[in-house]
Amino acid sequence: MLGWEKYPIALPHSVRWVDDVYNLGKRLEQNCECLFVSEPSKIQLEVSIQGIAKTVDISTITYLEEFLMMGDAVEDVRTKIFMISQRNAWTRLKISSEMFMMLCHFYRVFPKFLECVFRFSLKTCKTEEYFSGGCYRLVHEGEKLSSTIFQISYNIRYFKLGRSDMEDPWLSYQCSVYQNYSHQSNTSTWILINIPIETRCHLERLNSEGEGSSQSDHPMVMHLHLLLSCETNWSPYIGYLGGELSLMNQAISFPKRCTEFDIDISNSLSLALLRRKLEDASSLLSTNLDNASTLLEHADDMQQRGMVSRETNERFRSEVRQYQLRIRCHIRNVQKHICFSEVVHLLIFKIMDLRSGELLTKNSSSRDINKASASEKMAMISIAHESKVGSQNIKFLTLISLIYLPISLVTSFFGTQLLQFPGEGANIVVRKQTWIYVVITTSLVLCTSVFVQLWRRRERKLHHTPAEDSALV
């Protein structure tokens with residue numbers, strides 16, 4: 001097989017038409033390392049063949065080339081489903097870049113399918129920045145109506161319930177679908193990337209039983225099975241988001257004082273995260289609705305070219321419209337939750353605003369009290385300063401009194417009649433009654449000393465406390 005290394009540049013012009021294949025080829029080369037595995041032990045390409053219950057496992061590029069060439073040599077016109085898996089949203093697709101390009105080149109997969117595949121390399125963090133956008137289709141008309149080829153591809157998101165101990169038990173996955181339908185052989189070639197395990201088993205069973213190959217079956221019926229299986233968990237997931245929103249509402253729904261609400265900035269952040277999940281869900285559901293509309297357009301194209309009967313197409317359209325009604329119902333529920341989350345957001349904002357006002361009022365009262373306390377403190381400091389100045393003055397006066405008191409005593413003694421100064425040159429005469437002065441003075445000093453000691457002992461007894469007794473013990 002030649003030319004597969006140059007996919008998608010080597011495709012015929014009728015297949016690539018207006019696509020910028022050079023830019024797509026460059027992007028494919030740049031994203032090969034983060035899209036596809038390189039270790040042979042990790043390659044896991046499974047093929048389900050119409051009418052065969054067991055799948056074929058292909059793990060090498062040599063085996064893939066032999067499988068494709070063998071089917072082409074014997075003109076195998078059975079429907080084939082190539083299934084490429086992915087361990088989780090963070091890992092690479094379990095196929096090598098060479099095998100992927102060979103597969104796409106052999107079946108002349110139109111380049112728009114690469115836009116769907118590139119979505120698997122855009123996961124850079126836990127949040128979903130990139131959603132499944134675009135449903136691409138191409139009708140390649142041959143020289144005869146029977147040689148017309150219909151190609152269609154799209155991405156679709158679905159949710160699965162993970163571990164219950166996780167903060168958010170619901171996990172988001174994406175899958176990619178490609179179909180190449182040939183009217184001449186009434187068979188299809190499918191490339192399914194990362195579809196749910198339950199859906200893969202169901203599609204394998206349908207293909208082994210030959211559903212979609214008879215004239216009464218629509219060649220796009222497998223799309224319907226895939227859409228319905230991916231829609232199954234939307235209702236419980238939206239119910240989970242609504243339950244989380246109700247819990248937030250219960251925290252603020254009972255009337256009480258603002259200070260009694262257990263609300264802080266973390267509640268506002270949790271609500272913002274929940275609103276983002278709701279908005280993401282609305283975007284994903286709208287994309288799924290667009291995919292269904294494109295499938296209807298593709299089916300109508302088949303009917304207009306006489307590839308399916310009107311009754312078969314109307315039955316298919318009826319089922320797809322029922323799917324669209326369920327998706328629109330999910331969108332209405334999501335929009336209802338988004339509107340309700342806005343009410344909860346306003347209530348949380350109002351409660352936090354009122355609480356901030358009360359705190360400002362309390363802080364203002366505290367500032368007034370602190371200001372009054374500061375004024376009283378300054379007044380006490382002023383009084384203490386004045387008392388200190390007064391005590392220093394009294395201390396100074398007491399010191400002066402202590403200096404002049406002995407002088408006054410001596411002067412008063414010499415001023416009494418107990419001493420006589422006869423004349424000049426004569427000695428001072430001391431009267432005999434001087435002993436009376438000495439006795440009286442000494443007695444007064446002793447009485448005063450005893451009185452002071454008794455007074456101090458009485459003061460100690462009055463100010464004595466039991467704590468001092470225990471300290472002494």
# chains A, B, ... in the order shown; residues from 1 in each chain; ligands from 1
call {"tool": "residues_around", "arguments": {"residues": "Ile193 (chain A)", "least_positions_apart": "4", "cutoff": "8 Å", "atoms": "only C-alpha atoms", "output": "CSV table (one decimal) with N, CA, C and O atoms, in the first residue's frame"}}
result
chain,number,residue,atom,x,y,z
A,83,MET,N,-12.6,-0.1,16.0
A,83,MET,CA,-12.8,0.6,17.3
A,83,MET,C,-11.5,0.9,18.0
A,83,MET,O,-10.6,0.0,18.2
A,84,ILE,N,-11.3,2.2,18.3
A,84,ILE,CA,-10.1,2.7,18.9
A,84,ILE,C,-10.4,3.1,20.3
A,84,ILE,O,-11.4,3.9,20.5
A,85,SER,N,-9.7,2.6,21.3
A,85,SER,CA,-10.0,2.9,22.7
A,85,SER,C,-9.0,3.9,23.3
A,85,SER,O,-8.0,4.2,22.7
A,86,GLN,N,-9.4,4.4,24.4
A,86,GLN,CA,-8.6,5.3,25.2
A,86,GLN,C,-8.8,5.0,26.7
A,86,GLN,O,-10.0,4.9,27.1
A,175,CYS,N,-16.5,10.8,22.6
A,175,CYS,CA,-16.2,9.8,21.6
A,175,CYS,C,-16.3,10.4,20.3
A,175,CYS,O,-17.0,11.4,20.1
A,176,SER,N,-15.7,9.8,19.3
A,176,SER,CA,-15.7,10.3,17.9
A,176,SER,C,-16.3,9.2,17.0
A,176,SER,O,-15.9,8.0,17.2
A,177,VAL,N,-17.1,9.6,16.0
A,177,VAL,CA,-17.8,8.6,15.2
A,177,VAL,C,-17.5,9.0,13.7
A,177,VAL,O,-17.6,10.2,13.3
call {"tool": "residues_around", "arguments": {"residues": "region 96-109 of chain A", "least_positions_apart": "3", "cutoff": "7 Å", "atoms": "only C-alpha atoms", "output": "PyMOL selection string"}}
result
chain A and resi 4-5+7+11+32+36-38+43+61
call {"tool": "closest_residue", "arguments": {"among": "A:Ser375, A:Thr62, A:Gln44, A:Ser153", "to": "Lys94 (chain A)", "atoms": "only C-alpha atoms"}}
result
A:Gln44
call {"tool": "residues_around", "arguments": {"residues": "Ala281 (chain A)", "least_positions_apart": "4", "cutoff": "8 Å", "atoms": "only C-alpha atoms", "output": "ChimeraX atom specification"}}
result
/A:277,285,334
call {"tool": "write_last_selection", "arguments": {"atoms": "N, CA and C atoms", "output": "PDB file, in the first residue's frame"}}
result
ATOM      1  N   LYS A 277     -20.476  24.254  35.511  1.00  0.00           N
ATOM      2  CA  LYS A 277     -20.858  22.908  35.070  1.00  0.00           C
ATOM      3  C   LYS A 277     -22.203  22.938  34.350  1.00  0.00           C
ATOM      4  N   LEU A 285     -25.181  19.842  25.364  1.00  0.00           N
ATOM      5  CA  LEU A 285     -26.490  19.404  24.885  1.00  0.00           C
ATOM      6  C   LEU A 285     -26.857  20.099  23.574  1.00  0.00           C
ATOM      7  N   VAL A 334     -31.664  22.261  32.438  1.00  0.00           N
ATOM      8  CA  VAL A 334     -30.394  22.927  32.743  1.00  0.00           C
ATOM      9  C   VAL A 334     -30.592  24.432  32.834  1.00  0.00           C
TER      10      VAL A 334
END
call {"tool": "residues_around", "arguments": {"residues": "Arg275 (chain A)", "least_positions_apart": "5", "cutoff": "9 Å", "atoms": "only C-alpha atoms", "output": "list in words"}}
result
Ser270, Asp280, His337, Ile338, Ser341 and Glu342 of chain A
call {"tool": "residues_around", "arguments": {"residues": "His345 (chain A)", "least_positions_apart": "4", "cutoff": "12 Å", "atoms": "only C-alpha atoms", "output": "PyMOL selection string"}}
result
chain A and resi 245+248-249+252+263+265+267-275+337-341+349-352
call {"tool": "select_by_dssp", "arguments": {"residues": "region 357-437 of chain A", "states": "strand (DSSP E)", "output": "number ranges by chain"}}
result
A: 419-420, 429-430
call {"tool": "write_last_selection", "arguments": {"atoms": "C-alpha atoms", "output": "mmCIF file, in the first residue's frame"}}
result
data_model
loop_
_atom_site.group_PDB
_atom_site.id
_atom_site.type_symbol
_atom_site.label_atom_id
_atom_site.label_comp_id
_atom_site.auth_asym_id
_atom_site.auth_seq_id
_atom_site.Cartn_x
_atom_site.Cartn_y
_atom_site.Cartn_z
ATOM 1 C CA LEU A 419 18.751 79.298 130.934
ATOM 2 C CA GLN A 420 20.056 82.656 132.154
ATOM 3 C CA VAL A 429 23.383 79.691 134.470
ATOM 4 C CA VAL A 430 21.161 76.571 134.198
#
call {"tool": "residues_around", "arguments": {"residues": "region 289-299 of chain A", "least_positions_apart": "4", "cutoff": "8 Å", "atoms": "only C-alpha atoms", "output": "PyMOL selection string"}}
result
chain A and resi 134-135+137+154+220+285+303+313+317+320+324+327-328
call {"tool": "write_last_selection", "arguments": {"atoms": "N, CA, C and O atoms", "output": "CSV table (one decimal), in the first residue's frame"}}
result
chain,number,residue,atom,x,y,z
A,134,GLY,N,-19.0,20.6,15.9
A,134,GLY,CA,-18.9,20.3,14.5
A,134,GLY,C,-19.3,18.9,14.2
A,134,GLY,O,-18.9,18.0,14.8
A,135,CYS,N,-20.2,18.8,13.2
A,135,CYS,CA,-20.6,17.6,12.7
A,135,CYS,C,-20.4,17.7,11.2
A,135,CYS,O,-21.1,18.5,10.5
A,137,ARG,N,-19.9,16.3,7.1
A,137,ARG,CA,-20.4,15.3,6.2
A,137,ARG,C,-20.0,15.6,4.8
A,137,ARG,O,-19.7,16.8,4.5
A,154,TYR,N,-18.5,13.1,13.6
A,154,TYR,CA,-18.8,14.1,14.7
A,154,TYR,C,-18.3,13.6,16.0
A,154,TYR,O,-17.9,12.4,16.2
A,220,MET,N,-28.0,4.3,8.6
A,220,MET,CA,-27.5,5.2,9.7
A,220,MET,C,-28.1,4.8,11.0
A,220,MET,O,-28.0,5.5,12.0
A,285,LEU,N,-25.2,19.8,25.4
A,285,LEU,CA,-26.5,19.4,24.9
A,285,LEU,C,-26.9,20.1,23.6
A,285,LEU,O,-27.4,19.5,22.7
A,303,GLN,N,-32.3,9.7,1.1
A,303,GLN,CA,-33.6,9.4,0.5
A,303,GLN,C,-33.8,10.1,-0.8
A,303,GLN,O,-34.4,9.5,-1.8
A,313,ASN,N,-36.9,6.0,5.9
A,313,ASN,CA,-36.3,7.3,6.3
A,313,ASN,C,-37.2,8.0,7.3
A,313,ASN,O,-36.7,8.6,8.3
A,317,ARG,N,-36.2,9.2,11.0
A,317,ARG,CA,-36.5,10.6,11.4
A,317,ARG,C,-37.3,10.7,12.6
A,317,ARG,O,-37.0,11.5,13.5
A,320,VAL,N,-35.1,9.9,15.6
A,320,VAL,CA,-34.1,11.0,15.9
A,320,VAL,C,-34.9,12.2,16.5
A,320,VAL,O,-34.3,12.9,17.4
A,324,GLN,N,-34.2,14.2,19.8
A,324,GLN,CA,-34.1,15.7,20.0
A,324,GLN,C,-35.0,16.3,21.0
A,324,GLN,O,-34.6,17.2,21.7
A,327,ILE,N,-33.4,15.7,24.3
A,327,ILE,CA,-32.3,16.7,24.5
A,327,ILE,C,-32.8,18.1,24.8
A,327,ILE,O,-32.3,18.8,25.7
A,328,ARG,N,-33.9,18.5,24.2
A,328,ARG,CA,-34.4,19.8,24.4
A,328,ARG,C,-35.0,19.8,25.9
A,328,ARG,O,-34.9,20.9,26.5
call {"tool": "closest_residue", "arguments": {"among": "A:Asn88, A:Thr189, A:Ser283, A:Ser121", "to": "Ile149 (chain A)", "atoms": "only C-alpha atoms"}}
result
A:Thr189
call {"tool": "residues_around", "arguments": {"residues": "Arg78 (chain A)", "least_positions_apart": "6", "cutoff": "9 Å", "atoms": "only C-alpha atoms", "output": "ChimeraX atom specification"}}
result
/A:49-51,185-189,213
call {"tool": "closest_residue", "arguments": {"among": "A:Ile238, A:Ile369, A:Leu2, A:Ile95", "to": "Ser41 (chain A)", "atoms": "only C-alpha atoms"}}
result
A:Ile95
call {"tool": "atom_distance", "arguments": {"atom1": "CA of Leu206 (chain A)", "atom2": "CA of Ser48 (chain A)"}}
result
10.2 Å
call {"tool": "atom_distance", "arguments": {"atom1": "CA of Ser286 (chain A)", "atom2": "CA of Ile331 (chain A)"}}
result
7.6 Å
call {"tool": "atom_distance", "arguments": {"atom1": "CA of Phe82 (chain A)", "atom2": "CA of Val47 (chain A)"}}
result
4.6 Å
